[in-house]
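Visitor: data-v1.csv is reproduced below (CSV, C-alpha atoms).
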chain,number,residue,atom,x,y,z
Y,1,MET,CA,-25.0,-48.1,-56.9
Y,2,ASN,CA,-27.0,-46.3,-54.2
Y,3,TRP,CA,-25.6,-42.8,-54.5
Y,4,LYS,CA,-27.6,-41.5,-51.6
Y,5,LYS,CA,-25.9,-43.9,-49.2
Y,6,VAL,CA,-22.5,-43.1,-50.8
Y,7,ALA,CA,-23.2,-39.4,-50.2
Y,8,GLN,CA,-24.3,-40.1,-46.6
Y,9,ILE,CA,-21.1,-41.9,-45.9
Y,10,GLY,CA,-18.7,-40.1,-48.2
Y,11,ILE,CA,-19.5,-36.4,-47.5
Y,12,PRO,CA,-19.1,-36.6,-43.7
Y,13,SER,CA,-15.9,-38.7,-44.2
Y,14,ALA,CA,-14.5,-36.3,-46.6
Y,15,ALA,CA,-15.3,-33.4,-44.3
Y,16,PHE,CA,-13.7,-35.1,-41.4
Y,17,ILE,CA,-10.5,-35.9,-43.4
Y,18,GLY,CA,-10.5,-32.3,-44.6
Y,19,MET,CA,-10.8,-31.0,-41.1
Y,20,GLY,CA,-8.0,-33.3,-40.1
Y,21,VAL,CA,-5.7,-31.8,-42.8
Y,22,VAL,CA,-6.6,-28.3,-41.8
Y,23,THR,CA,-6.0,-29.1,-38.1
Y,24,SER,CA,-2.7,-30.7,-38.8
Y,25,GLU,CA,-1.6,-27.5,-40.5
Y,26,LEU,CA,-2.9,-25.4,-37.6
Y,27,TYR,CA,-1.0,-27.6,-35.2
Y,28,ARG,CA,2.2,-26.9,-37.2
Y,29,TYR,CA,1.4,-23.2,-37.2
Y,30,GLY,CA,0.5,-23.0,-33.5
Y,31,PHE,CA,3.0,-25.4,-32.0
Y,32,GLY,CA,5.9,-25.1,-34.3
Y,33,ARG,CA,9.1,-23.4,-33.3
Y,34,LEU,CA,9.5,-19.8,-34.4
Y,35,ASP,CA,12.8,-18.1,-33.6
Y,36,GLU,CA,11.9,-14.8,-35.3
Y,37,HIS,CA,9.9,-12.7,-32.9
Y,38,PRO,CA,9.2,-9.1,-32.0
Y,39,THR,CA,10.6,-7.6,-28.8
Y,40,ALA,CA,7.1,-6.6,-27.7
Y,41,GLN,CA,3.7,-7.8,-28.5
Y,42,THR,CA,2.5,-4.4,-29.9
Y,43,ASP,CA,3.0,-2.0,-32.7
Y,44,ASN,CA,3.3,1.0,-30.3
Y,45,ASN,CA,6.7,2.6,-30.8
Y,46,HIS,CA,6.8,3.7,-27.2
Y,47,TYR,CA,6.7,0.1,-26.1
Y,48,HIS,CA,9.4,-0.9,-28.5
Y,49,GLU,CA,11.7,1.9,-27.2
Y,50,LEU,CA,11.1,0.6,-23.7
Y,51,TYR,CA,12.1,-2.9,-24.6
Y,52,GLN,CA,15.0,-1.7,-26.7
Y,53,ARG,CA,16.4,0.2,-23.7
Y,54,ALA,CA,15.9,-3.0,-21.6
Y,55,HIS,CA,18.0,-5.0,-24.1
Y,56,GLU,CA,20.7,-2.4,-24.0
Y,57,TRP,CA,20.7,-2.7,-20.2
Y,58,LEU,CA,20.9,-6.5,-20.5
Y,59,ASP,CA,23.9,-6.3,-22.8
Y,60,ASP,CA,25.7,-4.4,-20.0
Y,61,GLN,CA,25.0,-7.0,-17.3
Y,62,PRO,CA,27.5,-9.7,-16.2
Y,63,THR,CA,25.3,-12.6,-17.3
Y,64,GLU,CA,25.9,-16.3,-17.0
Y,65,ASN,CA,24.7,-19.1,-19.3
Y,66,TRP,CA,23.1,-22.0,-17.4
Y,67,TRP,CA,22.0,-25.3,-18.8
Y,68,LEU,CA,19.7,-28.1,-17.8
Y,69,TYR,CA,20.2,-31.7,-19.0
Y,70,ASP,CA,23.5,-30.5,-20.6
Y,71,ASN,CA,24.4,-34.0,-21.9
Y,72,ASP,CA,21.1,-34.7,-23.6
Y,73,PRO,CA,21.0,-32.8,-26.9
Y,74,LYS,CA,17.3,-33.4,-27.5
Y,75,ASN,CA,16.3,-31.9,-24.1
Y,76,ARG,CA,19.1,-29.4,-23.5
Y,77,ILE,CA,17.5,-26.3,-21.8
Y,78,HIS,CA,19.2,-22.9,-21.6
Y,79,ALA,CA,18.8,-20.0,-19.1
Y,80,VAL,CA,20.4,-16.6,-18.5
Y,81,TYR,CA,21.4,-15.9,-14.9
Y,82,ILE,CA,21.9,-12.2,-13.8
Y,83,PRO,CA,23.5,-11.9,-10.3
Y,84,HIS,CA,22.5,-8.9,-8.4
Y,85,PRO,CA,25.2,-6.3,-7.9
Y,86,GLU,CA,24.9,-6.7,-4.1
Y,87,PRO,CA,25.0,-10.3,-2.7
Y,88,THR,CA,21.5,-11.6,-1.9
Y,89,LYS,CA,19.7,-14.8,-1.4
Y,90,LYS,CA,16.6,-13.6,-3.2
Y,91,VAL,CA,16.0,-14.7,-6.7
Y,92,VAL,CA,13.2,-14.5,-9.3
Y,93,VAL,CA,12.6,-17.0,-12.0
Y,94,ILE,CA,11.1,-15.3,-15.1
Y,95,ALA,CA,9.1,-17.3,-17.6
Y,96,HIS,CA,8.7,-15.8,-21.1
Y,97,GLY,CA,5.7,-15.9,-23.4
Y,98,TYR,CA,4.8,-17.7,-26.6
Y,99,HIS,CA,7.5,-17.4,-29.2
Y,100,GLY,CA,9.6,-15.3,-26.8
Y,101,SER,CA,13.0,-16.0,-25.2
Y,102,ALA,CA,15.0,-15.0,-22.2
Y,103,PRO,CA,16.1,-11.6,-23.7
Y,104,THR,CA,12.5,-10.6,-24.4
Y,105,MET,CA,12.0,-10.5,-20.7
Y,106,ALA,CA,14.9,-8.0,-20.1
Y,107,ALA,CA,12.6,-5.2,-18.9
Y,108,PHE,CA,11.2,-7.4,-16.2
Y,109,ALA,CA,14.7,-8.6,-15.3
Y,110,LYS,CA,15.7,-5.0,-14.7
Y,111,MET,CA,12.6,-4.3,-12.7
Y,112,TYR,CA,13.3,-7.3,-10.4
Y,113,GLN,CA,16.9,-6.4,-10.1
Y,114,ASP,CA,15.8,-2.9,-9.0
Y,115,LEU,CA,13.7,-4.6,-6.4
Y,116,GLY,CA,16.7,-6.5,-5.0
Y,117,TYR,CA,16.6,-9.9,-6.8
Y,118,ASN,CA,19.0,-12.1,-8.6
Y,119,VAL,CA,17.3,-13.1,-11.9
Y,120,LEU,CA,17.1,-16.4,-13.8
Y,121,MET,CA,15.5,-16.3,-17.2
Y,122,PRO,CA,15.1,-19.7,-19.0
Y,123,ASP,CA,14.5,-20.3,-22.6
Y,124,ASN,CA,11.5,-22.6,-22.8
Y,125,ARG,CA,11.7,-25.7,-24.9
Y,126,GLY,CA,11.5,-24.8,-28.6
Y,127,HIS,CA,12.5,-21.3,-27.9
Y,128,GLY,CA,15.8,-19.3,-27.8
Y,129,GLU,CA,18.9,-21.4,-27.3
Y,130,SER,CA,17.0,-24.4,-25.8
Y,131,SER,CA,16.4,-27.5,-27.9
Y,132,GLY,CA,13.2,-28.7,-29.3
Y,133,ASN,CA,11.1,-27.9,-32.4
Y,134,TRP,CA,7.7,-27.6,-30.8
Y,135,VAL,CA,6.1,-25.3,-28.3
Y,136,ASN,CA,4.5,-27.3,-25.4
Y,137,PHE,CA,2.6,-24.5,-23.7
Y,138,GLY,CA,3.8,-25.5,-20.2
Y,139,GLY,CA,3.0,-29.2,-20.5
Y,140,LEU,CA,6.8,-30.0,-20.2
Y,141,ASP,CA,8.2,-26.5,-19.3
Y,142,ARG,CA,6.7,-26.5,-15.8
Y,143,LEU,CA,8.8,-29.5,-14.9
Y,144,ASP,CA,11.9,-27.9,-16.3
Y,145,TYR,CA,11.2,-24.8,-14.2
Y,146,ARG,CA,10.9,-27.0,-11.1
Y,147,ASP,CA,14.4,-28.3,-11.9
Y,148,TRP,CA,15.7,-24.8,-12.4
Y,149,CYS,CA,14.4,-24.0,-8.9
Y,150,LEU,CA,16.4,-27.0,-7.5
Y,151,ASP,CA,19.5,-25.8,-9.3
Y,152,LEU,CA,19.0,-22.4,-7.7
Y,153,VAL,CA,18.8,-23.9,-4.2
Y,154,ASP,CA,22.1,-25.8,-4.9
Y,155,TYR,CA,23.7,-22.6,-6.2
Y,156,LEU,CA,22.5,-20.1,-3.6
Y,157,GLY,CA,22.0,-22.4,-0.6
Y,158,ASP,CA,19.1,-23.8,1.4
Y,159,ASP,CA,18.4,-20.3,2.8
Y,160,CYS,CA,17.6,-18.8,-0.6
Y,161,GLU,CA,14.1,-17.4,-1.4
Y,162,ILE,CA,12.6,-17.9,-4.9
Y,163,ILE,CA,9.8,-16.0,-6.6
Y,164,LEU,CA,8.2,-17.3,-9.7
Y,165,PHE,CA,7.1,-14.7,-12.4
Y,166,GLY,CA,5.7,-15.2,-15.9
Y,167,VAL,CA,3.8,-13.4,-18.6
Y,168,SER,CA,1.2,-14.9,-21.0
Y,169,MET,CA,2.4,-18.5,-21.6
Y,170,GLY,CA,4.9,-17.9,-18.9
Y,171,GLY,CA,2.1,-16.8,-16.6
Y,172,ALA,CA,0.4,-20.2,-17.3
Y,173,ILE,CA,3.7,-22.0,-16.6
Y,174,VAL,CA,4.2,-20.5,-13.2
Y,175,MET,CA,0.5,-21.1,-12.3
Y,176,MET,CA,0.9,-24.8,-13.4
Y,177,MET,CA,4.1,-25.0,-11.3
Y,178,SER,CA,2.0,-24.2,-8.2
Y,179,GLY,CA,0.5,-27.7,-8.4
Y,180,GLU,CA,3.9,-29.4,-8.5
Y,181,ASP,CA,6.0,-30.6,-5.6
Y,182,LEU,CA,8.3,-27.5,-5.4
Y,183,PRO,CA,11.2,-26.9,-3.0
Y,184,PRO,CA,10.2,-25.0,0.1
Y,185,GLN,CA,12.4,-22.1,-1.0
Y,186,VAL,CA,9.8,-21.1,-3.6
Y,187,LYS,CA,7.9,-18.5,-1.6
Y,188,GLY,CA,5.4,-16.8,-4.0
Y,189,ILE,CA,4.1,-16.5,-7.5
Y,190,ILE,CA,3.3,-13.5,-9.8
Y,191,GLU,CA,1.5,-14.2,-13.0
Y,192,ASP,CA,0.5,-11.8,-15.8
Y,193,CYS,CA,-2.2,-12.7,-18.4
Y,194,GLY,CA,-1.8,-16.5,-18.3
Y,195,TYR,CA,-4.5,-18.7,-19.7
Y,196,SER,CA,-6.7,-21.0,-17.6
Y,197,SER,CA,-6.0,-24.2,-19.6
Y,198,LEU,CA,-4.5,-25.1,-23.0
Y,199,PRO,CA,-7.8,-26.6,-24.3
Y,200,ALA,CA,-9.7,-23.4,-23.4
Y,201,GLN,CA,-7.1,-21.1,-25.0
Y,202,LEU,CA,-6.9,-23.3,-28.2
Y,203,ALA,CA,-10.7,-23.4,-28.5
Y,204,TYR,CA,-10.9,-19.6,-28.1
Y,205,ARG,CA,-8.1,-18.9,-30.6
Y,206,ALA,CA,-9.5,-21.4,-33.1
Y,207,LYS,CA,-12.8,-19.6,-32.9
Y,208,VAL,CA,-11.7,-16.0,-33.1
Y,209,GLU,CA,-8.8,-16.4,-35.6
Y,210,PHE,CA,-10.1,-19.2,-37.8
Y,211,HIS,CA,-13.8,-19.6,-37.1
Y,212,LEU,CA,-13.3,-23.2,-36.4
Y,213,PRO,CA,-15.3,-25.3,-33.9
Y,214,LYS,CA,-14.0,-26.9,-30.7
Y,215,PHE,CA,-15.0,-30.3,-32.0
Y,216,PRO,CA,-13.4,-32.0,-33.9
Y,217,VAL,CA,-10.4,-29.5,-33.8
Y,218,LEU,CA,-9.3,-30.2,-30.2
Y,219,PRO,CA,-9.5,-34.0,-30.3
Y,220,ILE,CA,-7.4,-33.9,-33.5
Y,221,VAL,CA,-4.9,-31.5,-31.9
Y,222,ASN,CA,-4.7,-33.8,-28.9
Y,223,LEU,CA,-4.1,-36.8,-31.1
Y,224,ILE,CA,-1.3,-35.1,-32.9
Y,225,ASN,CA,0.2,-33.7,-29.7
Y,226,HIS,CA,0.3,-37.2,-28.2
Y,227,PHE,CA,2.4,-38.3,-31.2
Y,228,VAL,CA,4.6,-35.3,-31.2
Y,229,LEU,CA,5.1,-34.3,-27.6
Y,230,GLY,CA,3.7,-37.3,-25.7
Y,231,PHE,CA,1.1,-35.7,-23.4
Y,232,ASN,CA,-2.6,-34.9,-23.2
Y,233,ILE,CA,-3.5,-31.3,-23.8
Y,234,ASP,CA,-6.1,-31.6,-21.0
Y,235,ASP,CA,-3.2,-31.9,-18.6
Y,236,VAL,CA,-2.0,-28.4,-19.4
Y,237,ASP,CA,-4.4,-26.9,-16.9
Y,238,SER,CA,-3.7,-23.8,-14.7
Y,239,ILE,CA,-7.0,-24.1,-12.8
Y,240,ALA,CA,-6.3,-27.7,-11.7
Y,241,ALA,CA,-2.9,-26.7,-10.5
Y,242,LEU,CA,-4.1,-23.6,-8.7
Y,243,GLU,CA,-6.6,-25.7,-6.7
Y,244,LYS,CA,-3.5,-27.3,-5.1
Y,245,ASN,CA,-1.6,-24.0,-4.6
Y,246,THR,CA,-0.6,-23.0,-1.1
Y,247,ARG,CA,1.7,-20.0,-1.9
Y,248,PRO,CA,0.8,-16.4,-2.1
Y,249,ILE,CA,0.0,-15.5,-5.7
Y,250,PHE,CA,-0.6,-12.2,-7.5
Y,251,PHE,CA,-2.8,-12.3,-10.6
Y,252,ILE,CA,-2.3,-9.4,-13.1
Y,253,HIS,CA,-4.4,-9.0,-16.3
Y,254,GLY,CA,-5.3,-6.3,-18.8
Y,255,GLU,CA,-9.0,-5.4,-18.8
Y,256,ALA,CA,-8.9,-5.1,-22.6
Y,257,ASP,CA,-7.1,-8.4,-23.2
Y,258,THR,CA,-8.5,-10.0,-26.4
Y,259,TYR,CA,-5.8,-12.6,-26.8
Y,260,VAL,CA,-6.2,-14.4,-23.5
Y,261,PRO,CA,-9.6,-13.2,-22.3
Y,262,THR,CA,-9.7,-11.4,-19.0
Y,263,ALA,CA,-12.4,-13.9,-17.9
Y,264,MET,CA,-9.7,-16.5,-17.7
Y,265,CYS,CA,-7.9,-14.5,-15.1
Y,266,LEU,CA,-11.0,-14.4,-13.0
Y,267,ASP,CA,-11.4,-18.2,-13.3
Y,268,ASN,CA,-7.7,-18.6,-12.3
Y,269,TYR,CA,-8.2,-16.3,-9.3
Y,270,ARG,CA,-11.2,-18.1,-8.1
Y,271,ALA,CA,-9.5,-21.5,-8.4
Y,272,THR,CA,-7.0,-21.1,-5.5
Y,273,THR,CA,-7.7,-20.7,-1.8
Y,274,ALA,CA,-4.2,-19.6,-1.1
Y,275,PRO,CA,-3.4,-16.0,-0.2
Y,276,LYS,CA,-4.1,-14.1,-3.4
Y,277,GLU,CA,-4.3,-10.6,-4.9
Y,278,LEU,CA,-5.8,-9.4,-8.2
Y,279,TRP,CA,-5.0,-6.4,-10.3
Y,280,LEU,CA,-7.0,-5.8,-13.5
Y,281,VAL,CA,-5.3,-3.1,-15.5
Y,282,PRO,CA,-7.6,-0.6,-17.2
Y,283,GLN,CA,-7.2,-0.3,-21.0
Y,284,ALA,CA,-4.4,-2.8,-21.2
Y,285,ASN,CA,-4.5,-5.4,-23.9
Y,286,HIS,CA,-2.5,-8.7,-23.8
Y,287,ALA,CA,0.9,-8.3,-22.1
Y,288,GLU,CA,0.5,-4.5,-22.0
Y,289,SER,CA,0.1,-4.0,-18.3
Y,290,PHE,CA,3.8,-3.4,-17.8
Y,291,PRO,CA,4.6,-1.2,-20.8
Y,292,ILE,CA,1.5,1.0,-20.3
Y,293,ASP,CA,2.9,2.2,-17.0
Y,294,PRO,CA,6.2,0.5,-15.8
Y,295,ALA,CA,6.4,2.6,-12.6
Y,296,ALA,CA,2.9,1.7,-11.5
Y,297,TYR,CA,3.6,-2.0,-12.4
Y,298,GLN,CA,6.8,-2.1,-10.3
Y,299,LYS,CA,5.0,-0.3,-7.5
Y,300,LYS,CA,2.2,-3.0,-7.5
Y,301,VAL,CA,4.7,-5.8,-7.6
Y,302,ALA,CA,6.7,-4.3,-4.8
Y,303,TRP,CA,3.5,-3.9,-2.7
Y,304,PHE,CA,2.7,-7.6,-3.2
Y,305,LEU,CA,6.2,-8.7,-2.3
Y,306,LYS,CA,6.2,-6.5,0.9
Y,307,LYS,CA,2.7,-7.6,2.0
Y,308,TYR,CA,3.7,-11.2,1.9
Y,309,GLN,CA,7.3,-10.6,3.1
Y,310,LEU,CA,8.8,-12.2,-0.1
Represent the structure contained in this file as structure tokens.
Guide:
Amino acid sequence: MNWKKVAQIGIPSAAFIGMGVVTSELYRYGFGRLDEHPTAQTDNNHYHELYQRAHEWLDDQPTENWWLYDNDPKNRIHAVYIPHPEPTKKVVVIAHGYHGSAPTMAAFAKMYQDLGYNVLMPDNRGHGESSGNWVNFGGLDRLDYRDWCLDLVDYLGDDCEIILFGVSMGGAIVMMMSGEDLPPQVKGIIEDCGYSSLPAQLAYRAKVEFHLPKFPVLPIVNLINHFVLGFNIDDVDSIAALEKNTRPIFFIHGEADTYVPTAMCLDNYRATTAPKELWLVPQANHAESFPIDPAAYQKKVAWFLKKYQL
């Protein structure tokens, strides 16, 4: 037996199989549903107190439970609707982040209510009270959010005005929505620390967390995702969507973000030719731009909404 040839064939094959096993476990780790989550993405007690107060506020609101695809158990999607105390046709759709849920966005819901908006907070697929065992990172969620917008038009009337807002994965979702055929009632978008594309984010996290290379990790992840969720991860692309965007959009990102690199925000900003604004928040890490200074954040959002008459 030619052991040299065996080694030349066997060692690379074993390495590839081993990488496949590792990547399969990483897929389960990264894409699997996780219902236990913190209320804020930080260990800072001040931030937790902020979000705790927001949850107490949410508990006191006259909320409504809304459902998409109610008769389809495998695709049943939940949302929380908070009507404004004073009748208004303005509404914001708030997209939560990775392993979050509608209640984790309560602080933002209060901010937008203070600014005069009704609020709709969906649970993404594989999160909260929505069905699904896998996180799709916006590959499917963006279409659900489009349907939520259509439901809002039916509920509030053709003269309603819709704003899209999202943080982290939610930021990517609302950016990807900008490339879809949305109802004309969607007037503007505000995104906070969303990634430029799923492949770019996965490659970055694989490198910094696990010291794994882009190849063959991403092709294996894509193969698994085709089997599990039925789409190509390359299609989860904020930049490609933003190139089609025509609505005013506000990009917010922490200058110290090490989870979704700040450079991704700059790539996103450059991608669209629509009216746009950019705010890089000094010393803010991932999803910290609001809790660092809620008053300044609300003031910036209010400025954007006023500038574009939203």
Visitor: Under the rule that only C-alpha atoms are counted, which of Y:Tyr195, Y:Tyr204, Y:Tyr145, Y:Phe210 is the nearest residue to Asp181 (chain Y)?
Guide: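 Nearest candidate to Asp181 (chain Y) out of Y:Tyr195, Y:Tyr204, Y:Tyr145, Y:Phe210: Y:Tyr145.
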Visitor: Find, counting only C-alpha atoms, the residue in Y:Pro85, Y:Gly157, Y:Gly171, Y:Gly230 that gets nearest to Gly97 (chain Y).
Guide: Y:Gly171
Visitor: Ranking Y:Leu58, Y:Leu202, Y:Val91, Y:Leu150 by minimum distance to Lys110 (chain Y) and counting all atoms listed in the file, which one comes first?
Guide: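 The shortest atom-to-atom distance to Lys110 (chain Y) comes from Y:Leu58.
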Visitor: Please list as a PyMOL selection string every residue within 8 Å of region 217-225 of chain Y, counting all atoms listed in the file and excluding residues in the same chain fewer than 5 positions away.
Guide: chain Y and resi 19-20+23-24+27+199+202-203+212+230-233
Visitor: What is the CA of His48 (chain Y) to CA of Asp192 (chain Y) distance in Å?
Guide: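 We find that CA of His48 (chain Y) and CA of Asp192 (chain Y) lie 19.0 Å from each other.
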Visitor: From the list Y:Glu56, Y:Asp114, Y:Val167, Y:Ala109, which residue is nearest Ala302 (chain Y) when using only C-alpha atoms?
Guide: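 Among Y:Glu56, Y:Asp114, Y:Val167, Y:Ala109, it is Y:Asp114 that comes nearest to Ala302 (chain Y).
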Visitor: Work out how far CA of Arg142 (chain Y) is from CA of Pro248 (chain Y), in Å to one decimal.
Guide: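 So the two atoms, CA of Pro248 (chain Y) and CA of Arg142 (chain Y), lie 18.0 Å apart.
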Visitor: For each of Y:Leu280, Y:Ile292, Y:Ile162, Y:Ala287, take the minimum atom-to-atom distance to Glu255 (chain Y), counting all atoms listed in the file, then give the residue where this is smallest.
Guide: Y:Leu280
Visitor: Do you know which residues are at most 9 Å from Pro291 (chain Y) counting all atoms listed in the file, after dropping those on the same chain fewer than 6 positions away, and could you put them as a PyMOL selection string?
Guide: chain Y and resi 46-47+50-51+297
Visitor: Name the residues, using the chain letters and numbers of the file, that sit within 6 Å of (16.5, -15.4, -0.5) when counting only C-alpha atoms, and give them as a ChimeraX atom specification.
Guide: /Y:89-90,160-161
Visitor: Since the input is missing atoms for region 218-231 of chain Y, could you rebuild it with N, CA, C and O atoms and give the result as a PDB file, keeping the file's coordinate frame?
Guide:
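Generated output (selection.pdb):
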ATOM      1  N   LEU Y 218     -10.124 -29.825 -31.344  1.00  0.00           N
ATOM      2  CA  LEU Y 218      -9.300 -30.200 -30.200  1.00  0.00           C
ATOM      3  C   LEU Y 218      -8.984 -31.644 -30.067  1.00  0.00           C
ATOM      4  O   LEU Y 218      -7.836 -31.986 -29.742  1.00  0.00           O
ATOM      5  N   PRO Y 219      -9.918 -32.566 -30.347  1.00  0.00           N
ATOM      6  CA  PRO Y 219      -9.500 -34.000 -30.300  1.00  0.00           C
ATOM      7  C   PRO Y 219      -8.425 -34.320 -31.328  1.00  0.00           C
ATOM      8  O   PRO Y 219      -7.533 -35.122 -31.026  1.00  0.00           O
ATOM      9  N   ILE Y 220      -8.465 -33.686 -32.509  1.00  0.00           N
ATOM     10  CA  ILE Y 220      -7.400 -33.900 -33.500  1.00  0.00           C
ATOM     11  C   ILE Y 220      -6.095 -33.367 -33.034  1.00  0.00           C
ATOM     12  O   ILE Y 220      -5.041 -33.999 -33.140  1.00  0.00           O
ATOM     13  N   VAL Y 221      -6.127 -32.143 -32.487  1.00  0.00           N
ATOM     14  CA  VAL Y 221      -4.900 -31.500 -31.900  1.00  0.00           C
ATOM     15  C   VAL Y 221      -4.330 -32.409 -30.837  1.00  0.00           C
ATOM     16  O   VAL Y 221      -3.111 -32.629 -30.769  1.00  0.00           O
ATOM     17  N   ASN Y 222      -5.191 -32.935 -29.978  1.00  0.00           N
ATOM     18  CA  ASN Y 222      -4.700 -33.800 -28.900  1.00  0.00           C
ATOM     19  C   ASN Y 222      -4.057 -35.044 -29.415  1.00  0.00           C
ATOM     20  O   ASN Y 222      -3.021 -35.485 -28.902  1.00  0.00           O
ATOM     21  N   LEU Y 223      -4.647 -35.635 -30.459  1.00  0.00           N
ATOM     22  CA  LEU Y 223      -4.100 -36.800 -31.100  1.00  0.00           C
ATOM     23  C   LEU Y 223      -2.700 -36.552 -31.635  1.00  0.00           C
ATOM     24  O   LEU Y 223      -1.746 -37.314 -31.417  1.00  0.00           O
ATOM     25  N   ILE Y 224      -2.576 -35.437 -32.351  1.00  0.00           N
ATOM     26  CA  ILE Y 224      -1.300 -35.100 -32.900  1.00  0.00           C
ATOM     27  C   ILE Y 224      -0.270 -34.792 -31.805  1.00  0.00           C
ATOM     28  O   ILE Y 224       0.888 -35.217 -31.876  1.00  0.00           O
ATOM     29  N   ASN Y 225      -0.718 -34.097 -30.761  1.00  0.00           N
ATOM     30  CA  ASN Y 225       0.200 -33.700 -29.700  1.00  0.00           C
ATOM     31  C   ASN Y 225       0.702 -34.966 -28.937  1.00  0.00           C
ATOM     32  O   ASN Y 225       1.854 -35.003 -28.499  1.00  0.00           O
ATOM     33  N   HIS Y 226      -0.152 -35.976 -28.799  1.00  0.00           N
ATOM     34  CA  HIS Y 226       0.300 -37.200 -28.200  1.00  0.00           C
ATOM     35  C   HIS Y 226       1.449 -37.817 -28.988  1.00  0.00           C
ATOM     36  O   HIS Y 226       2.431 -38.314 -28.422  1.00  0.00           O
ATOM     37  N   PHE Y 227       1.332 -37.751 -30.307  1.00  0.00           N
ATOM     38  CA  PHE Y 227       2.400 -38.300 -31.200  1.00  0.00           C
ATOM     39  C   PHE Y 227       3.630 -37.468 -31.139  1.00  0.00           C
ATOM     40  O   PHE Y 227       4.744 -37.998 -31.093  1.00  0.00           O
ATOM     41  N   VAL Y 228       3.488 -36.151 -31.136  1.00  0.00           N
ATOM     42  CA  VAL Y 228       4.600 -35.300 -31.200  1.00  0.00           C
ATOM     43  C   VAL Y 228       5.317 -35.021 -29.891  1.00  0.00           C
ATOM     44  O   VAL Y 228       6.541 -35.102 -29.772  1.00  0.00           O
ATOM     45  N   LEU Y 229       4.525 -34.713 -28.847  1.00  0.00           N
ATOM     46  CA  LEU Y 229       5.100 -34.300 -27.600  1.00  0.00           C
ATOM     47  C   LEU Y 229       4.797 -35.290 -26.419  1.00  0.00           C
ATOM     48  O   LEU Y 229       5.368 -35.169 -25.342  1.00  0.00           O
ATOM     49  N   GLY Y 230       3.841 -36.200 -26.633  1.00  0.00           N
ATOM     50  CA  GLY Y 230       3.700 -37.300 -25.700  1.00  0.00           C
ATOM     51  C   GLY Y 230       2.798 -37.008 -24.481  1.00  0.00           C
ATOM     52  O   GLY Y 230       2.841 -37.759 -23.504  1.00  0.00           O
ATOM     53  N   PHE Y 231       1.976 -35.929 -24.509  1.00  0.00           N
ATOM     54  CA  PHE Y 231       1.100 -35.700 -23.400  1.00  0.00           C
ATOM     55  C   PHE Y 231      -0.279 -35.232 -23.863  1.00  0.00           C
ATOM     56  O   PHE Y 231      -0.464 -34.820 -25.009  1.00  0.00           O
TER      57      PHE Y 231
END
